[in-house]
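A.B. asks: Take this structure, written in structure tokens, and hold onto it; I'll ask about it next.
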Protein chains: 4
Amino acid sequence: MSKDRAALQPRKSPVQARSSATVEALHIAAVQVLMREGLGRCTTTRVAVRAGTSVGSLYQYYPNRDALLAAILKRHLDGIADACARVCREQQGRPVSDMASVLVRAFLAAKLRDPEESKALYAVAAERGGAELCAHAQARMAASITDMLASAVDVHFDDPAMTAMIALNAMIGPVRAVLEGMASAGTEDGLEAQLTLLLASFFQAHPRRMTAVSP
Amino acid sequence: MSKDRAALQPRKSPVQARSSATVEALHIAAVQVLMREGLGRCTTTRVAVRAGTSVGSLYQYYPNRDALLAAILKRHLDGIADACARVCREQQGRPVSDMASVLVRAFLAAKLRDPEESKALYAVAAERGGAELCAHAQARMAASITDMLASAVDVHFDDPAMTAMIALNAMIGPVRAVLEGMASAGTEDGLEAQLTLLLASFFQAHPRRMTAVSP
Amino acid sequence: MSKDRAALQPRKSPVQARSSATVEALHIAAVQVLMREGLGRCTTTRVAVRAGTSVGSLYQYYPNRDALLAAILKRHLDGIADACARVCREQQGRPVSDMASVLVRAFLAAKLRDPEESKALYAVAAERGGAELCAHAQARMAASITDMLASAVDVHFDDPAMTAMIALNAMIGPVRAVLEGMASAGTEDGLEAQLTLLLASFFQAHPRRMTAVSP
Amino acid sequence: MSKDRAALQPRKSPVQARSSATVEALHIAAVQVLMREGLGRCTTTRVAVRAGTSVGSLYQYYPNRDALLAAILKRHLDGIADACARVCREQQGRPVSDMASVLVRAFLAAKLRDPEESKALYAVAAERGGAELCAHAQARMAASITDMLASAVDVHFDDPAMTAMIALNAMIGPVRAVLEGMASAGTEDGLEAQLTLLLASFFQAHPRRMTAVSP
DNA sequence: CATGAATGAGTCTTCATTCAT
DNA sequence: GATGAATGAAGACTCATTCAT
């Protein structure tokens, strides 16, 4: 496992400006190729060419193709998990309905910032290396939500971790369906309203808390 | 598109194909190879050998590798969509809480019948051809649920199609997370209880119906 | 080590006539490419093309380039070691001068049967996998010679294994020099005469045996 | 041939090159990389990094990779040939047994001064450019030995050049076997004793000289 | 002058697909 | 109809060499 992990680490941090630009170009190019051609045809050469560099340069920054894809996925997931953690911290001690609406809004904002990228990365997440990254991001997000739920003023959760995991993935599911084009949710606002309702009613289906939470 | 569609059709008629022991063996073998080796190493030769035949025979039944994978995915999705359609029909005119529990139970039963297969097929679904099949299955399931919801005696849905789509994917999300090992839901019963609660409270968050539904 | 060993094993034994011909062609082609282009440019594609096949076929019989080269080297070395073992057995109990002349003749006959091949394979022997094969062949030959020397009627060897190893490599050295074009030995007969003299005098420089060897 | 020869020459004058600390570092680094990674992975970048410089600097001193390797090999061979020439000159007019023991001692001392280097360079010697260098060194050594033998007081050689070539390579063979790990010679002293015996008896197997050599 | 990022030709290897047996 | 050997296009990755900084 440590070997696999090592094999997916970027080779060098792009400290210099030029390098940084190259790496950025590679990321963008990879997402584009992923979208236009699919994971199977997302080859190192194609990515490099679209990025305006050469394969050699790609391999200067990533030890192999999977490391590049993993890096892109990681950045994407980290962004979402960060946003999630932030709002969950802010919503500590609030009523669950607030939690639901704020969490949904934050998640959608992060996930739909670049819908093409989000969509393209689902394929990467399905590959061997991607699953671990997703699991890690999910764990972070679930933990954030768990803490938030445990602090709710109006509802008591016997198993907040379980509730958090279900809620998180109940949100992820429809978003994925929409992004992958399997379903349409009308406007983005419509999707937000539905998910908020979904989570809020789920949270409120748990027993009301009689007394305040002790800090 | 017509070309693509044709390219993914099995070569022989479905009747012959389904009855053939070779085809069955190929399906099983393909799932096994998919699980053990991953999509990238799920080659026609490997599948054929594990199935106890030869590549040549594989090509007798499928025009190409993708057609084989598509067939497996399709069978899997059809099974789930069928189960879903059946129970949705049965629950017509029942209260939404019944609908939620029966739908969840049926979905889990179908999806977790062979968890390894379900998990392995996520990779296939992510490939180009898979998305269409998934979309089609989703559409079928969403339609079944939509009809069911519209007939609920106790709740009125302004946009039952939207509610169905959200509910369906809210169910799919956590199941996928569990199957892909990104989250644990304790026992399978625990998962069922949570999802039932999720859907039931979501459904009941919609306006109560004053009068009976007209048939 | 077991992994390396496995990685160098041929993939399948050429049981069928056609396969056997392909393998034979690959061997010949590899030696030719080795000679004409050098080890560094002895690529799988080049070998396959010269053999009149395709890379794919090459990989049907050998898991990788090194395995092909190792197979050729092994066959070559086995031939020499076999010849050596045979004559050493035949010379048991003879005077050392006979041993020297017969051993030299047999070694030269085997090694110079196809001088081009012999020469080309020195490069292979220098590569990682080749050293082991050479060491093994050397060990076999040294053992054969050791047994032979220990049975000499006229000379007693305190450390026949050491004498065998020195004698063997004293023979190998000049032959290699000649094959690699580093030195000329005039006719092949001249080389044989010199090596015979070398070994005979070396053997006879050891203490004379007073009594017969016990069987 | 002239082109090849030019391509392998160091770029700067030998005087400058030898005195440069960078060149020295490159030589040492190259031998180390050769040993640790093998010829195939002995890349210019790796050598430069291990030497504490950059590829660019390496190309300041050598026009290409082969020139670097050739330079190292040449230095190694020159050292041995020089030592050989020196003692051969010193032993002029001595009895052949002295010649044998002194030559063997000098050769072993030079060749085993840095056994790792000696071993690593066999791979370089096998490459295209290496053969010429080896041939040249061999020619020098053979000439030295030839002259020495021709001056022996106690033995007359009809073809001293041939005897020299055989003796030289009879010595080289076992040393190589030991260095490449194909055979063990016990202690280094043991090897020396054996080789001395080998050469001495070989020399003495030639006709005794009745009269003194004319100067 | 030193550096090391960039280049891209060239290797090995795999795999879908065909077709002679 | 079944088989599996043959094919060769395509992909990942490396490395000698150059040249802008």
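Starting from 1 in every chain, residues are counted up; chains themselves are A, B, ... following the order of the structure tokens, and ligands are numbered from 1 as listed.
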Near Pro174 (chain C), counting only C-alpha atoms (C1' of nucleotides), which residues have an atom at most 10 Å away, once you skip same-chain residues fewer than 4 positions from it, shown as a ChimeraX atom specification?

C.D. replies: /C:169-170,178-180,182-185,191,194-195 /D:165-173

A.B. asks: I'd like a table as a Markdown table: residues in chain A with an atom no more than 9 Å from chain E, each row giving the shortest atom pair and its distance in Å to one decimal, only C-alpha atoms (C1' of nucleotides) counted, sorted by chain and rising residue number.

C.D. replies:
```
| residue | atom | partner | partner_atom | distance |
| --- | --- | --- | --- | --- |
| A:Ser19 | CA | E:DA5 | C1' | 8.2 |
| A:Thr53 | CA | E:DA6 | C1' | 8.0 |
| A:Ser54 | CA | E:DT7 | C1' | 6.5 |
| A:Val55 | CA | E:DG8 | C1' | 7.9 |
| A:Gly56 | CA | E:DT7 | C1' | 6.8 |
| A:Ser57 | CA | E:DA6 | C1' | 6.2 |
| A:Gln60 | CA | E:DA5 | C1' | 8.5 |
```

A.B. asks: For region 45-48 of chain D, work out the shell of residues within 12 Å, counting only C-alpha atoms (C1' of nucleotides) and skipping chain neighbours fewer than 2 positions away, then give it as a ChimeraX atom specification.

C.D. replies: /D:22-43,50-62,64-65,68-69 /E:3-4 /F:14-17

A.B. asks: Calculate the C-alpha RMSD, in Å to one decimal, after superposing chain C onto chain B by least squares over all C-alpha atoms paired in sequence order.

C.D. replies: 1.3 Å

A.B. asks: For chain F, list the residues within 10 Å of chain C, counting only C-alpha atoms (C1' of nucleotides), and write the list as a ChimeraX atom specification.

C.D. replies: /F:5-8

A.B. asks: Taking 6 positions as the minimum chain separation for residues in the same chain, which residues sit within 10 Å of Asp82 (chain C) when counting only C-alpha atoms (C1' of nucleotides)? Answer as a list in words.

C.D. replies: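 Contacts, in chain order: Cys88, Phe107, Ala110, Ala137, Arg140, Met141 and Ser144 of chain C.
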
A.B. asks: Go ahead and write the residues just picked, all heavy atoms, as a PDB file, in the first residue's frame.

C.D. replies:
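Result file follows (selection-v9.pdb):
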```pdb
ATOM      1  N   CYS C  88      34.425 -35.461 -20.364  1.00  0.00           N
ATOM      2  CA  CYS C  88      35.052 -35.624 -19.053  1.00  0.00           C
ATOM      3  C   CYS C  88      34.726 -37.000 -18.477  1.00  0.00           C
ATOM      4  O   CYS C  88      35.555 -37.627 -17.818  1.00  0.00           O
ATOM      5  CB  CYS C  88      34.581 -34.529 -18.088  1.00  0.00           C
ATOM      6  SG  CYS C  88      35.333 -32.926 -18.420  1.00  0.00           S
ATOM      7  N   PHE C 107      35.866 -28.649 -26.195  1.00  0.00           N
ATOM      8  CA  PHE C 107      35.429 -27.284 -25.895  1.00  0.00           C
ATOM      9  C   PHE C 107      35.475 -26.410 -27.148  1.00  0.00           C
ATOM     10  O   PHE C 107      34.529 -25.691 -27.467  1.00  0.00           O
ATOM     11  CB  PHE C 107      36.312 -26.691 -24.791  1.00  0.00           C
ATOM     12  CG  PHE C 107      35.927 -25.294 -24.433  1.00  0.00           C
ATOM     13  CD1 PHE C 107      34.824 -25.050 -23.614  1.00  0.00           C
ATOM     14  CD2 PHE C 107      36.641 -24.203 -24.915  1.00  0.00           C
ATOM     15  CE1 PHE C 107      34.460 -23.755 -23.291  1.00  0.00           C
ATOM     16  CE2 PHE C 107      36.274 -22.907 -24.591  1.00  0.00           C
ATOM     17  CZ  PHE C 107      35.184 -22.687 -23.777  1.00  0.00           C
ATOM     18  N   ALA C 110      32.715 -27.292 -29.611  1.00  0.00           N
ATOM     19  CA  ALA C 110      31.395 -26.781 -29.208  1.00  0.00           C
ATOM     20  C   ALA C 110      31.337 -25.267 -29.344  1.00  0.00           C
ATOM     21  O   ALA C 110      30.354 -24.711 -29.840  1.00  0.00           O
ATOM     22  CB  ALA C 110      31.087 -27.205 -27.778  1.00  0.00           C
ATOM     23  N   ALA C 137      26.380 -22.664 -15.813  1.00  0.00           N
ATOM     24  CA  ALA C 137      27.071 -23.490 -16.801  1.00  0.00           C
ATOM     25  C   ALA C 137      28.515 -23.747 -16.358  1.00  0.00           C
ATOM     26  O   ALA C 137      29.027 -24.869 -16.449  1.00  0.00           O
ATOM     27  CB  ALA C 137      27.047 -22.802 -18.162  1.00  0.00           C
ATOM     28  N   ARG C 140      28.660 -26.349 -13.727  1.00  0.00           N
ATOM     29  CA  ARG C 140      28.517 -27.706 -14.273  1.00  0.00           C
ATOM     30  C   ARG C 140      29.824 -28.167 -14.890  1.00  0.00           C
ATOM     31  O   ARG C 140      30.293 -29.288 -14.649  1.00  0.00           O
ATOM     32  CB  ARG C 140      27.463 -27.714 -15.383  1.00  0.00           C
ATOM     33  CG  ARG C 140      26.064 -28.004 -14.931  1.00  0.00           C
ATOM     34  CD  ARG C 140      25.192 -28.273 -16.166  1.00  0.00           C
ATOM     35  NE  ARG C 140      25.581 -29.486 -16.863  1.00  0.00           N
ATOM     36  CZ  ARG C 140      25.247 -29.777 -18.128  1.00  0.00           C
ATOM     37  NH1 ARG C 140      24.522 -28.923 -18.817  1.00  0.00           N
ATOM     38  NH2 ARG C 140      25.648 -30.904 -18.687  1.00  0.00           N
ATOM     39  N   MET C 141      30.419 -27.313 -15.708  1.00  0.00           N
ATOM     40  CA  MET C 141      31.641 -27.695 -16.384  1.00  0.00           C
ATOM     41  C   MET C 141      32.771 -27.919 -15.388  1.00  0.00           C
ATOM     42  O   MET C 141      33.523 -28.892 -15.487  1.00  0.00           O
ATOM     43  CB  MET C 141      32.033 -26.610 -17.378  1.00  0.00           C
ATOM     44  CG  MET C 141      30.993 -26.429 -18.464  1.00  0.00           C
ATOM     45  SD  MET C 141      31.368 -25.018 -19.533  1.00  0.00           S
ATOM     46  CE  MET C 141      32.663 -25.724 -20.538  1.00  0.00           C
ATOM     47  N   SER C 144      32.360 -31.243 -13.823  1.00  0.00           N
ATOM     48  CA  SER C 144      32.756 -32.329 -14.726  1.00  0.00           C
ATOM     49  C   SER C 144      34.271 -32.479 -14.742  1.00  0.00           C
ATOM     50  O   SER C 144      34.811 -33.594 -14.651  1.00  0.00           O
ATOM     51  CB  SER C 144      32.273 -32.034 -16.153  1.00  0.00           C
ATOM     52  OG  SER C 144      30.876 -31.942 -16.207  1.00  0.00           O
TER      53      SER C 144
END
```

A.B. asks: I'd like the neighbourhood of Asp66 (chain B) as a list in words, where a residue qualifies if any of its atoms comes within 10 Å (using only C-alpha atoms (C1' of nucleotides)), though same-chain residues fewer than 3 positions away should be ignored.

C.D. replies: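 The neighbour list is Ala7, Leu8, Gln9, Thr44, Tyr62, Pro63, Leu69, Ala70, Ala71, Ile72, Val124, Glu127, Arg128, Gly129 and Gly130 of chain B.
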
A.B. asks: Provide the C1' of DG1 (chain F) to CA of Ala21 (chain B) distance in Å, to one decimal place.

C.D. replies: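 Separation of C1' of DG1 (chain F) and CA of Ala21 (chain B): 14.9 Å.
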
A.B. asks: Would you please give, as JSON, numbers by chain, all residues of region 16-210 of chain D that DSSP assigns to alpha helix (DSSP H) based on the backbone?

C.D. replies: {"D": [16, 17, 18, 19, 21, 22, 23, 24, 25, 26, 27, 28, 29, 30, 31, 32, 33, 34, 35, 36, 37, 44, 45, 46, 47, 48, 49, 50, 51, 55, 56, 57, 58, 59, 60, 61, 65, 66, 67, 68, 69, 70, 71, 72, 73, 74, 75, 76, 77, 78, 79, 80, 81, 82, 83, 84, 85, 86, 87, 88, 89, 90, 96, 97, 98, 99, 100, 101, 102, 103, 104, 105, 106, 107, 108, 109, 110, 111, 115, 116, 117, 118, 119, 120, 121, 122, 123, 124, 125, 126, 128, 129, 130, 131, 132, 133, 134, 135, 136, 137, 138, 139, 140, 141, 142, 143, 144, 145, 146, 147, 148, 149, 150, 160, 161, 162, 163, 164, 165, 166, 167, 168, 169, 170, 171, 172, 173, 174, 175, 176, 177, 178, 179, 188, 189, 190, 191, 192, 193, 194, 195, 196, 197, 198, 199, 200, 201, 202, 203, 204]}

A.B. asks: So, with only C-alpha atoms as the atoms that count, which of D:Asp154, D:Glu132, D:Glu90, D:Asp147 lies closest to chain C?

C.D. replies: D:Glu132
